[in-house]
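Shown here: input-v2.txt, compact mmCIF, C-alpha atoms.
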```txt
# COMPACT_ATOMS: atom_id res chain seq x y z
CA MET A 1 -19.44 -24.78 25.48
CA THR A 2 -17.23 -21.67 25.30
CA PHE A 3 -15.75 -20.30 22.10
CA ARG A 4 -12.21 -21.37 22.95
CA ASN A 5 -13.28 -24.97 23.53
CA HIS A 6 -14.21 -25.46 19.88
CA VAL A 7 -11.38 -27.20 17.98
CA ILE A 8 -11.67 -28.46 14.42
CA LEU A 9 -9.94 -31.68 13.41
CA LEU A 10 -8.71 -31.20 9.85
CA CYS A 11 -8.66 -34.17 7.47
CA GLY A 12 -5.52 -36.20 8.25
CA LEU A 13 -2.42 -34.04 8.23
CA VAL A 14 -3.75 -31.54 5.66
CA SER A 15 -2.73 -28.06 6.75
CA ILE A 16 -5.02 -25.05 6.68
CA PHE A 17 -2.99 -23.63 3.80
CA GLU A 18 -3.39 -26.82 1.77
CA LEU A 19 -7.08 -26.92 2.63
CA ALA A 20 -7.59 -23.29 1.62
CA ALA A 21 -5.90 -23.99 -1.72
CA THR A 22 -8.65 -26.47 -2.58
CA LEU A 23 -11.44 -23.93 -2.12
CA PRO A 24 -13.14 -22.17 -5.05
CA ASN A 25 -11.56 -18.96 -6.32
CA LEU A 26 -12.34 -16.05 -4.04
CA ALA A 27 -14.53 -13.21 -5.23
CA THR A 28 -12.74 -9.98 -6.08
CA ALA A 29 -13.74 -6.71 -7.68
CA GLN A 30 -12.00 -7.84 -10.86
CA ASP A 31 -13.54 -11.28 -11.34
CA SER A 32 -16.99 -11.13 -9.75
CA GLY A 33 -18.05 -7.51 -9.59
CA VAL A 34 -18.17 -7.55 -5.76
CA SER A 35 -15.43 -5.83 -3.79
CA CYS A 36 -14.31 -8.17 -1.02
CA PRO A 37 -11.13 -8.72 1.00
CA ASN A 38 -9.09 -11.89 0.70
CA SER A 39 -10.40 -14.80 2.73
CA ALA A 40 -9.07 -14.95 6.28
CA LEU A 41 -7.91 -18.50 5.43
CA ASN A 42 -5.50 -16.99 2.92
CA SER A 43 -4.10 -14.60 5.55
CA PHE A 44 -2.60 -17.25 7.82
CA GLN A 45 1.13 -17.03 8.58
CA ARG A 46 3.72 -19.66 9.50
CA HIS A 47 5.76 -19.12 12.64
CA GLN A 48 8.93 -21.11 13.29
CA VAL A 49 9.41 -21.68 17.01
CA ALA A 50 12.67 -20.17 18.26
CA PRO A 51 14.65 -21.15 21.39
CA GLY A 52 13.20 -19.56 24.52
CA GLU A 53 9.77 -18.95 23.07
CA THR A 54 6.63 -20.09 24.85
CA LEU A 55 3.09 -20.48 23.65
CA LYS A 56 2.16 -17.40 25.67
CA SER A 57 4.95 -15.24 24.22
CA ILE A 58 4.13 -16.32 20.66
CA ALA A 59 0.45 -15.56 21.19
CA GLN A 60 1.27 -12.12 22.62
CA SER A 61 3.49 -11.29 19.63
CA TYR A 62 0.55 -11.85 17.29
CA ASN A 63 -2.06 -10.36 19.67
CA LEU A 64 -3.83 -13.70 19.90
CA ASP A 65 -5.26 -15.87 22.64
CA PRO A 66 -3.08 -18.99 23.21
CA ALA A 67 -6.24 -21.11 22.79
CA THR A 68 -6.52 -19.84 19.21
CA ILE A 69 -3.02 -21.08 18.34
CA ILE A 70 -3.73 -24.44 19.96
CA ALA A 71 -6.94 -24.75 17.93
CA MET A 72 -4.99 -24.14 14.73
CA ASN A 73 -2.20 -26.55 15.73
CA PRO A 74 -3.70 -29.70 17.33
CA ALA A 75 -0.24 -31.11 18.13
CA LEU A 76 0.08 -28.43 20.82
CA GLN A 77 -2.74 -30.00 22.82
CA THR A 78 -0.12 -32.32 24.33
CA GLY A 79 1.70 -29.27 25.71
CA ASN A 80 4.82 -29.83 23.60
CA LEU A 81 6.28 -26.78 21.87
CA VAL A 82 9.19 -28.02 19.75
CA VAL A 83 11.94 -25.59 18.76
CA GLY A 84 12.10 -25.36 14.96
CA SER A 85 8.55 -26.54 14.42
CA LYS A 86 6.22 -24.38 12.34
CA LEU A 87 2.89 -23.14 13.63
CA GLN A 88 -0.16 -21.96 11.72
CA ILE A 89 -0.98 -18.40 12.85
CA PRO A 90 -4.41 -16.92 11.98
CA PRO A 91 -4.86 -13.17 11.40
CA TYR A 92 -7.00 -12.83 14.55
CA ASP A 93 -8.67 -14.96 17.21
CA GLY A 94 -11.06 -17.55 15.85
CA ILE A 95 -11.46 -21.11 14.66
CA VAL A 96 -11.67 -22.97 11.37
CA VAL A 97 -15.01 -24.66 10.83
CA GLU A 98 -16.03 -27.21 8.23
CA ILE A 99 -19.58 -26.56 7.04
CA PRO A 100 -21.62 -29.77 7.34
CA ARG A 101 -23.28 -31.01 4.19
CA GLY A 102 -26.71 -29.47 3.82
CA GLN A 103 -26.00 -26.50 6.08
CA THR A 104 -25.67 -22.89 4.96
CA LEU A 105 -23.31 -20.10 5.91
CA ARG A 106 -26.20 -18.38 7.67
CA GLN A 107 -26.75 -21.45 9.86
CA VAL A 108 -23.07 -21.49 10.80
CA ALA A 109 -23.24 -17.78 11.63
CA THR A 110 -26.26 -18.40 13.87
CA LYS A 111 -24.50 -21.26 15.66
CA TYR A 112 -21.42 -19.17 16.47
CA LYS A 113 -23.43 -15.99 17.13
CA ILE A 114 -21.80 -13.82 14.50
CA ARG A 115 -23.48 -11.64 11.89
CA PRO A 116 -23.87 -13.54 8.59
CA ASP A 117 -22.64 -10.61 6.48
CA VAL A 118 -19.39 -10.40 8.47
CA LEU A 119 -18.80 -14.16 8.19
CA PHE A 120 -19.54 -14.00 4.45
CA GLU A 121 -17.15 -11.17 3.73
CA ILE A 122 -14.17 -12.24 5.86
CA ASN A 123 -14.27 -15.54 3.97
CA GLY A 124 -13.88 -13.86 0.60
CA CYS A 125 -17.57 -13.66 -0.33
CA GLN A 126 -17.69 -17.30 -1.38
CA LYS A 127 -21.18 -18.43 -2.33
CA ASN A 128 -20.84 -22.07 -1.24
CA PRO A 129 -17.76 -22.48 0.99
CA THR A 130 -16.96 -25.84 2.55
CA VAL A 131 -14.58 -24.46 5.18
CA VAL A 132 -14.71 -21.03 6.84
CA PHE A 133 -12.82 -19.04 9.44
CA VAL A 134 -15.11 -17.95 12.29
CA PRO A 135 -13.68 -15.02 14.27
CA ASN A 136 -14.06 -14.67 18.00
CA ARG A 137 -17.04 -12.31 18.11
CA ASP A 138 -15.84 -9.97 20.87
CA ARG A 139 -12.31 -9.62 19.50
CA ALA A 140 -13.63 -9.21 15.98
CA LEU A 141 -16.01 -6.42 17.00
CA ARG A 142 -13.20 -4.56 18.78
CA HIS A 143 -11.04 -4.96 15.67
CA LEU A 144 -13.86 -3.70 13.46
CA ALA A 145 -14.36 -0.66 15.67
CA SER A 146 -10.65 0.14 15.40
CA GLU A 147 -10.71 -0.21 11.63
CA SER A 148 -13.87 1.88 11.34
CA SER A 149 -12.29 4.78 13.24
CA ARG A 150 -9.71 5.13 10.48
CA THR A 151 -12.38 6.34 8.06
CA THR A 152 -13.20 9.40 10.18
CA ASN A 153 -11.16 11.70 7.95
CA ALA A 154 -12.41 10.12 4.70
CA PRO A 155 -14.19 12.32 2.13
CA LYS A 156 -17.74 12.97 3.27
CA LEU A 157 -20.49 10.99 1.56
CA ALA A 158 -23.84 12.75 1.81
CA GLY A 159 -27.09 12.44 -0.11
CA TYR A 160 -30.56 10.93 -0.05
CA PRO A 161 -31.63 7.76 -1.88
CA LEU A 162 -35.24 8.81 -2.58
CA PRO A 163 -36.78 11.82 -4.38
CA GLU A 164 -38.51 12.96 -1.16
CA ILE A 165 -37.77 12.57 2.54
CA ALA A 166 -39.38 9.32 3.71
CA LYS A 167 -40.57 8.06 7.08
CA GLU A 168 -38.15 5.67 8.74
CA GLY A 169 -39.92 2.34 9.17
CA LEU A 170 -37.07 0.63 11.03
CA PRO A 171 -33.86 2.29 12.31
CA TYR A 172 -30.26 1.12 12.32
CA GLY A 173 -28.86 -1.04 15.14
CA TRP A 174 -30.23 -3.69 17.47
CA GLN A 175 -33.97 -4.04 16.92
CA ILE A 176 -36.90 -6.33 17.65
CA ASN A 177 -38.29 -7.97 14.54
CA PRO A 178 -41.92 -6.78 14.35
CA SER A 179 -42.98 -10.10 12.78
CA THR A 180 -41.15 -12.62 14.99
CA GLY A 181 -40.35 -10.65 18.15
CA GLN A 182 -36.69 -11.75 17.91
CA VAL A 183 -33.83 -9.36 18.63
CA PHE A 184 -31.54 -8.84 15.64
CA PHE A 185 -28.96 -6.37 14.32
CA HIS A 186 -30.38 -4.18 11.56
CA SER A 187 -27.49 -3.13 9.34
CA GLY A 188 -29.35 -0.30 7.61
CA VAL A 189 -32.55 1.74 7.69
CA GLU A 190 -35.94 1.02 6.15
CA LEU A 191 -37.25 4.07 4.30
CA LEU A 192 -40.98 3.73 3.59
CA ALA A 193 -41.94 4.48 -0.01
CA ALA A 194 -44.45 3.28 -2.57
CA LYS A 195 -43.50 0.42 -4.85
CA GLY A 196 -41.93 1.80 -8.02
CA THR A 197 -40.51 4.94 -6.36
CA PRO A 198 -37.18 5.85 -8.02
CA VAL A 199 -34.06 5.05 -5.97
CA GLN A 200 -31.05 7.29 -6.52
CA ALA A 201 -27.34 7.10 -5.71
CA ILE A 202 -26.35 9.22 -2.70
CA GLY A 203 -22.95 9.94 -4.22
CA SER A 204 -20.67 9.36 -7.19
CA GLY A 205 -19.08 5.93 -7.50
CA VAL A 206 -18.93 2.67 -9.39
CA VAL A 207 -21.51 -0.12 -9.31
CA VAL A 208 -19.85 -3.31 -8.03
CA PHE A 209 -22.97 -5.46 -7.69
CA ALA A 210 -26.38 -5.44 -9.36
CA GLY A 211 -28.56 -8.51 -8.97
CA GLU A 212 -30.28 -10.93 -6.61
CA GLN A 213 -28.59 -11.52 -3.24
CA GLY A 214 -30.46 -13.76 -0.80
CA SER A 215 -32.50 -11.92 1.82
CA TYR A 216 -31.47 -8.59 0.26
CA GLY A 217 -33.55 -9.41 -2.81
CA LYS A 218 -32.62 -7.21 -5.76
CA LEU A 219 -29.55 -5.33 -4.60
CA ILE A 220 -27.34 -2.51 -5.88
CA ILE A 221 -23.92 -1.91 -4.31
CA ILE A 222 -21.94 1.23 -5.13
CA ASN A 223 -18.34 1.80 -4.03
CA HIS A 224 -17.40 5.42 -3.30
CA ASN A 225 -14.12 7.19 -2.61
CA GLY A 226 -12.76 7.09 0.91
CA GLY A 227 -13.44 3.39 1.47
CA LEU A 228 -17.22 3.85 1.68
CA GLN A 229 -19.99 1.80 0.11
CA SER A 230 -23.75 2.31 -0.23
CA ARG A 231 -26.30 -0.49 -0.63
CA TYR A 232 -29.87 -0.30 -1.93
CA SER A 233 -31.96 -3.45 -1.59
CA GLN A 234 -35.42 -5.05 -1.75
CA LEU A 235 -35.68 -3.29 -5.12
CA ASP A 236 -38.37 -3.97 -7.69
CA THR A 237 -36.22 -3.13 -10.72
CA LEU A 238 -32.52 -2.50 -11.39
CA LYS A 239 -31.50 0.41 -13.61
CA VAL A 240 -27.71 0.02 -13.59
CA SER A 241 -25.16 -2.71 -14.25
CA VAL A 242 -21.84 -3.79 -12.75
CA GLY A 243 -18.94 -1.53 -13.70
CA GLN A 244 -21.14 1.46 -14.46
CA GLN A 245 -20.04 4.86 -13.16
CA VAL A 246 -22.83 6.79 -11.47
CA LYS A 247 -23.18 10.31 -10.17
CA LYS A 248 -25.02 11.61 -7.14
CA GLY A 249 -28.75 11.60 -7.90
CA ASP A 250 -28.60 9.05 -10.74
CA ILE A 251 -31.50 6.56 -10.72
CA VAL A 252 -30.22 3.06 -9.88
CA GLY A 253 -33.50 1.19 -9.34
CA THR A 254 -37.02 1.35 -7.94
CA VAL A 255 -38.52 0.50 -4.55
CA GLY A 256 -39.92 -3.01 -4.22
CA THR A 257 -40.52 -5.90 -1.85
CA THR A 258 -38.04 -8.51 -3.09
CA GLY A 259 -35.91 -10.67 -0.79
CA THR A 260 -37.02 -11.05 2.81
CA PRO A 261 -38.28 -7.64 3.95
CA THR A 262 -38.56 -7.07 7.70
CA LEU A 263 -41.60 -4.85 7.19
CA ASN A 264 -44.88 -5.84 5.58
CA GLN A 265 -45.00 -2.75 3.36
CA PRO A 266 -42.77 -1.50 0.52
CA SER A 267 -39.58 0.17 1.68
CA LEU A 268 -36.01 0.79 0.63
CA HIS A 269 -33.45 -1.03 2.76
CA PHE A 270 -30.47 1.37 2.66
CA GLU A 271 -26.99 0.79 4.09
CA VAL A 272 -23.64 2.55 4.24
CA ARG A 273 -20.52 0.49 4.93
CA SER A 274 -16.83 1.23 5.40
CA SER A 275 -13.93 -0.92 4.29
CA SER A 276 -11.87 -2.82 6.88
CA SER A 277 -9.57 -5.82 7.02
CA LEU A 278 -12.60 -7.89 8.06
CA GLY A 279 -14.77 -6.76 5.17
CA TRP A 280 -17.34 -4.02 4.67
CA VAL A 281 -18.55 -2.91 8.10
CA ALA A 282 -22.05 -1.47 8.52
CA GLN A 283 -22.18 2.17 9.65
CA ASP A 284 -25.11 4.23 10.90
CA PRO A 285 -26.70 5.46 7.62
CA ASN A 286 -28.11 8.54 9.34
CA SER A 287 -24.59 9.97 9.43
CA TYR A 288 -24.65 10.04 5.61
CA LEU A 289 -28.28 10.86 4.83
CA GLN A 290 -28.65 14.47 3.74
CA ARG A 291 -32.19 15.48 4.61
```
In structure tokens, write the structure found in this file.
Amino acid sequence: MTFRNHVILLCGLVSIFELAATLPNLATAQDSGVSCPNSALNSFQRHQVAPGETLKSIAQSYNLDPATIIAMNPALQTGNLVVGSKLQIPPYDGIVVEIPRGQTLRQVATKYKIRPDVLFEINGCQKNPTVVFVPNRDRALRHLASESSRTTNAPKLAGYPLPEIAKEGLPYGWQINPSTGQVFFHSGVELLAAKGTPVQAIGSGVVVFAGEQGSYGKLIIINHNGGLQSRYSQLDTLKVSVGQQVKKGDIVGTVGTTGTPTLNQPSLHFEVRSSSSLGWVAQDPNSYLQR
């Protein structure tokens, strides 16, 4: 079944806006310590159909596929476009999906072949959402690439997260899991180091997350100027707290094996991300590592 053939049937006549209003409060830098964009469900617009408009012309005006608008407005499946009627317009191509009871966000991401971290962040970093917006993968990746290019002229972030240069156990990008043989996207680099090795901030910033986070294990997230963010995970201990200002070289934690490490030896999983309208997008950390 192709992406555009998926259509969700919302409960009765409840609109996406009404449905989104029933969801838990979205995580923000102010109320949860994690910097996240608004949920895509809260970015929908209403479009009132004007005389002479067609489904194709409306879709083109919002840079959407007509199938996306049909999916958001089931009444259009009959082919009737009524002048004066109001349509639900999503921020980009995708579908609304209700998460079945007992399933996780990661399972939904696997089903629709999208990275779990992207799905998590474009839905406002909700821990247990019941309804999510799943972007069309190809369109979303093109959009992310466009957003990422805007950070080219941002202040340079450069440093090294360990006291000494470490061997790279697993690089950034598409990789083969050494344990399972499965192909997956590795959003950071694994820097091999002994358990307990101090981990240091690669630049000045503010700590926006310090705690346990699923497969990341013990995780530190630091937001830097220029829309950049560094992440240090699989830590053994945490040395900073949310809201704390840190400087380049400050100790934030120690190397460990918490979470679900890809390697069978202690390492620091290190990431750099840039801010975009679809959340924090993983960048190649090697562009920021100062060796």
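Counting from CA of Leu119 (chain A), the distance to CA of Gln88 (chain A) is 20.5 Å.
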Subject >> Among listed residues A:Lys111, A:Lys86, A:Arg231, A:Lys156, nearest Trp280 (chain A) (using only C-alpha atoms) >> reply: A:Arg231
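You will find CA of Thr258 (chain A) at 9.2 Å from CA of Leu219 (chain A).
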Name the residues in contact with region 97-99 of chain A at a cut-off of 8 Å, using only C-alpha atoms, excluding same-chain residues fewer than 5 positions from it; report them as a tab-separated table (two decimals) with C-alpha atoms, in the frame of the given file.
```tsv
chain	number	residue	atom	x	y	z
A	8	ILE	CA	-11.67	-28.46	14.42
A	104	THR	CA	-25.67	-22.89	4.96
A	105	LEU	CA	-23.31	-20.10	5.91
A	108	VAL	CA	-23.07	-21.49	10.80
A	129	PRO	CA	-17.76	-22.48	0.99
A	130	THR	CA	-16.96	-25.84	2.55
A	131	VAL	CA	-14.58	-24.46	5.18
A	132	VAL	CA	-14.71	-21.03	6.84
A	133	PHE	CA	-12.82	-19.04	9.44
A	134	VAL	CA	-15.11	-17.95	12.29
```
Subject >> Of the listed residues A:Tyr216, A:Tyr92, A:Phe185, A:Tyr232, that which approaches Leu162 (chain A) most closely, counting only C-alpha atoms >> reply: A:Tyr232
**OP:** Would you kindly return, as a ChimeraX atom specification, each protein, DNA or RNA residue with an atom no farther than 8 Å from any atom of region 72-81 of chain A, considering only C-alpha atoms and excluding same-chain residues fewer than 3 positions away?
**Re:** /A:7-9,49,54-55,68-69,85,87-90,95-96
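The gap separating CA of Ser287 (chain A) from CA of Gly243 (chain A) is 26.4 Å, in Å to one decimal.
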Subject >> Distance query Gly84 (chain A) at most 10 Å, only C-alpha atoms, self and fewer than 5 positions along chain excluded, as JSON, numbers by chain >> reply: {"A": [47, 48, 49, 50, 51]}
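Of the listed residues (A:Ser274, A:Thr237, A:His269, A:Val199), A:Val199 comes nearest to Asp250 (chain A); the distances count all atoms listed in the file.
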